[in-house]
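Please read the structure below before turning to the comments.
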Amino acid sequence: MDTSSTIAMFLHFGLVGVGCLAVAEKFIPLLPSYVLLMLLGLTVPDGTMLATTILATSAGSVVGALGWYGLGRALGSRRIEGLVTHYGKFVLLRPSLYRQLTDAYRGNHFWVTLIGQTLPTVRIYLALPAGVLRLEPRAFVMATAIGTVIWNMPFLTLGYALRGSGHDPVSLGFWVVVVLIAIELALLLGFRFYKRSLTPRRFAEPLALPSRLPVEEGA
């Protein structure tokens, strides 16, 4: 069964099928997610259905992320690292990438999770180290949901807008990804410079004067 037939099979079940397709994409990426989302957008008949499709795909992606989270939490650090070392290369999860994802959580867990859901490849596997590190589940789900909506909405909307236009969704989706990542990098750099500007500069401390001046003899 080819990819188009698989997608058509899921779409036969309506919004439930769309949600299941989003879950499956987290584990078996049939296509780059932006291509899949734009193809789904091309099948949406009206604005109301577009909104429900955004919700369905986002819910499915969150469920898929919870699957990775649960796997990491259940197996623990040692087993996951062993699996990544031996089999990660077959699913584009190199040990170096896994270590980078784990190290990223040394910062703010909420924002790392949210931003990670808007980065290709990272958005699939970031939940695995989150589970290994046993991040607080409610905050993880909230950040994942927000980041997923931010990722899904533009591509579904663009696919919906391109219905019948004859444009290639793959090439357009690629450039949308480039623009989104460029915006994210600009925002991150701007935030970093802003934080630095708020940091008070350290001036040389003045020499401390003695509390009591010595009294000269005979004074």
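Residues are named by chain letter and number: chains run A, B, ... in the order of the structure tokens, numbers start at 1 in each chain, and ligands are numbered from 1 in the order shown.
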Excluding range 61-68 of chain A and any residue of its chain fewer than 3 positions from it, enumerate the residues within 12 Å of it, using only C-alpha atoms, and give them as a ChimeraX atom specification. /A:18-29,33,37,54-58,71-76,80,113-114,116-118,122-132,134-135,137-138,140-149,151-152
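Minimum distance to Thr48 in chain A across A:Thr157, A:Thr6, A:Tyr98, A:Gly60 (counting only C-alpha atoms) occurs at A:Thr157.
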Which one is closest to Tyr160 in chain A: A:Ala104, A:Met38, A:Ala139, A:Ile7? Count only C-alpha atoms.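 Answer, going by the shortest atom-to-atom distance: A:Met38.
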Please compute the CA of Leu185 in chain A-CA of Thr102 in chain A distance, one decimal, in Å.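 Pair CA of Leu185 in chain A / CA of Thr102 in chain A returns 19.9 Å.
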So the first atom is CA of Gly17 in chain A and the second is CA of Leu119 in chain A; what is the distance between them in Å, to one decimal place?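 These atoms are spaced 24.4 Å apart.
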To one decimal in Å, tell me the separation between CA of Phe155 in chain A and CA of Ala8 in chain A. 18.6 Å
Among the residues of range 31-202 of chain A, find those DSSP assigns to alpha helix (DSSP H) from the backbone and print them as number ranges by chain. A: 33-42, 47-87, 95-104, 109-116, 122-125, 127-132, 137-161, 169-198
I'd like to know which of A:Ala51, A:Leu101, A:Val84, A:Leu93 is closest to Met153 in chain A, using only C-alpha atoms. A:Ala51
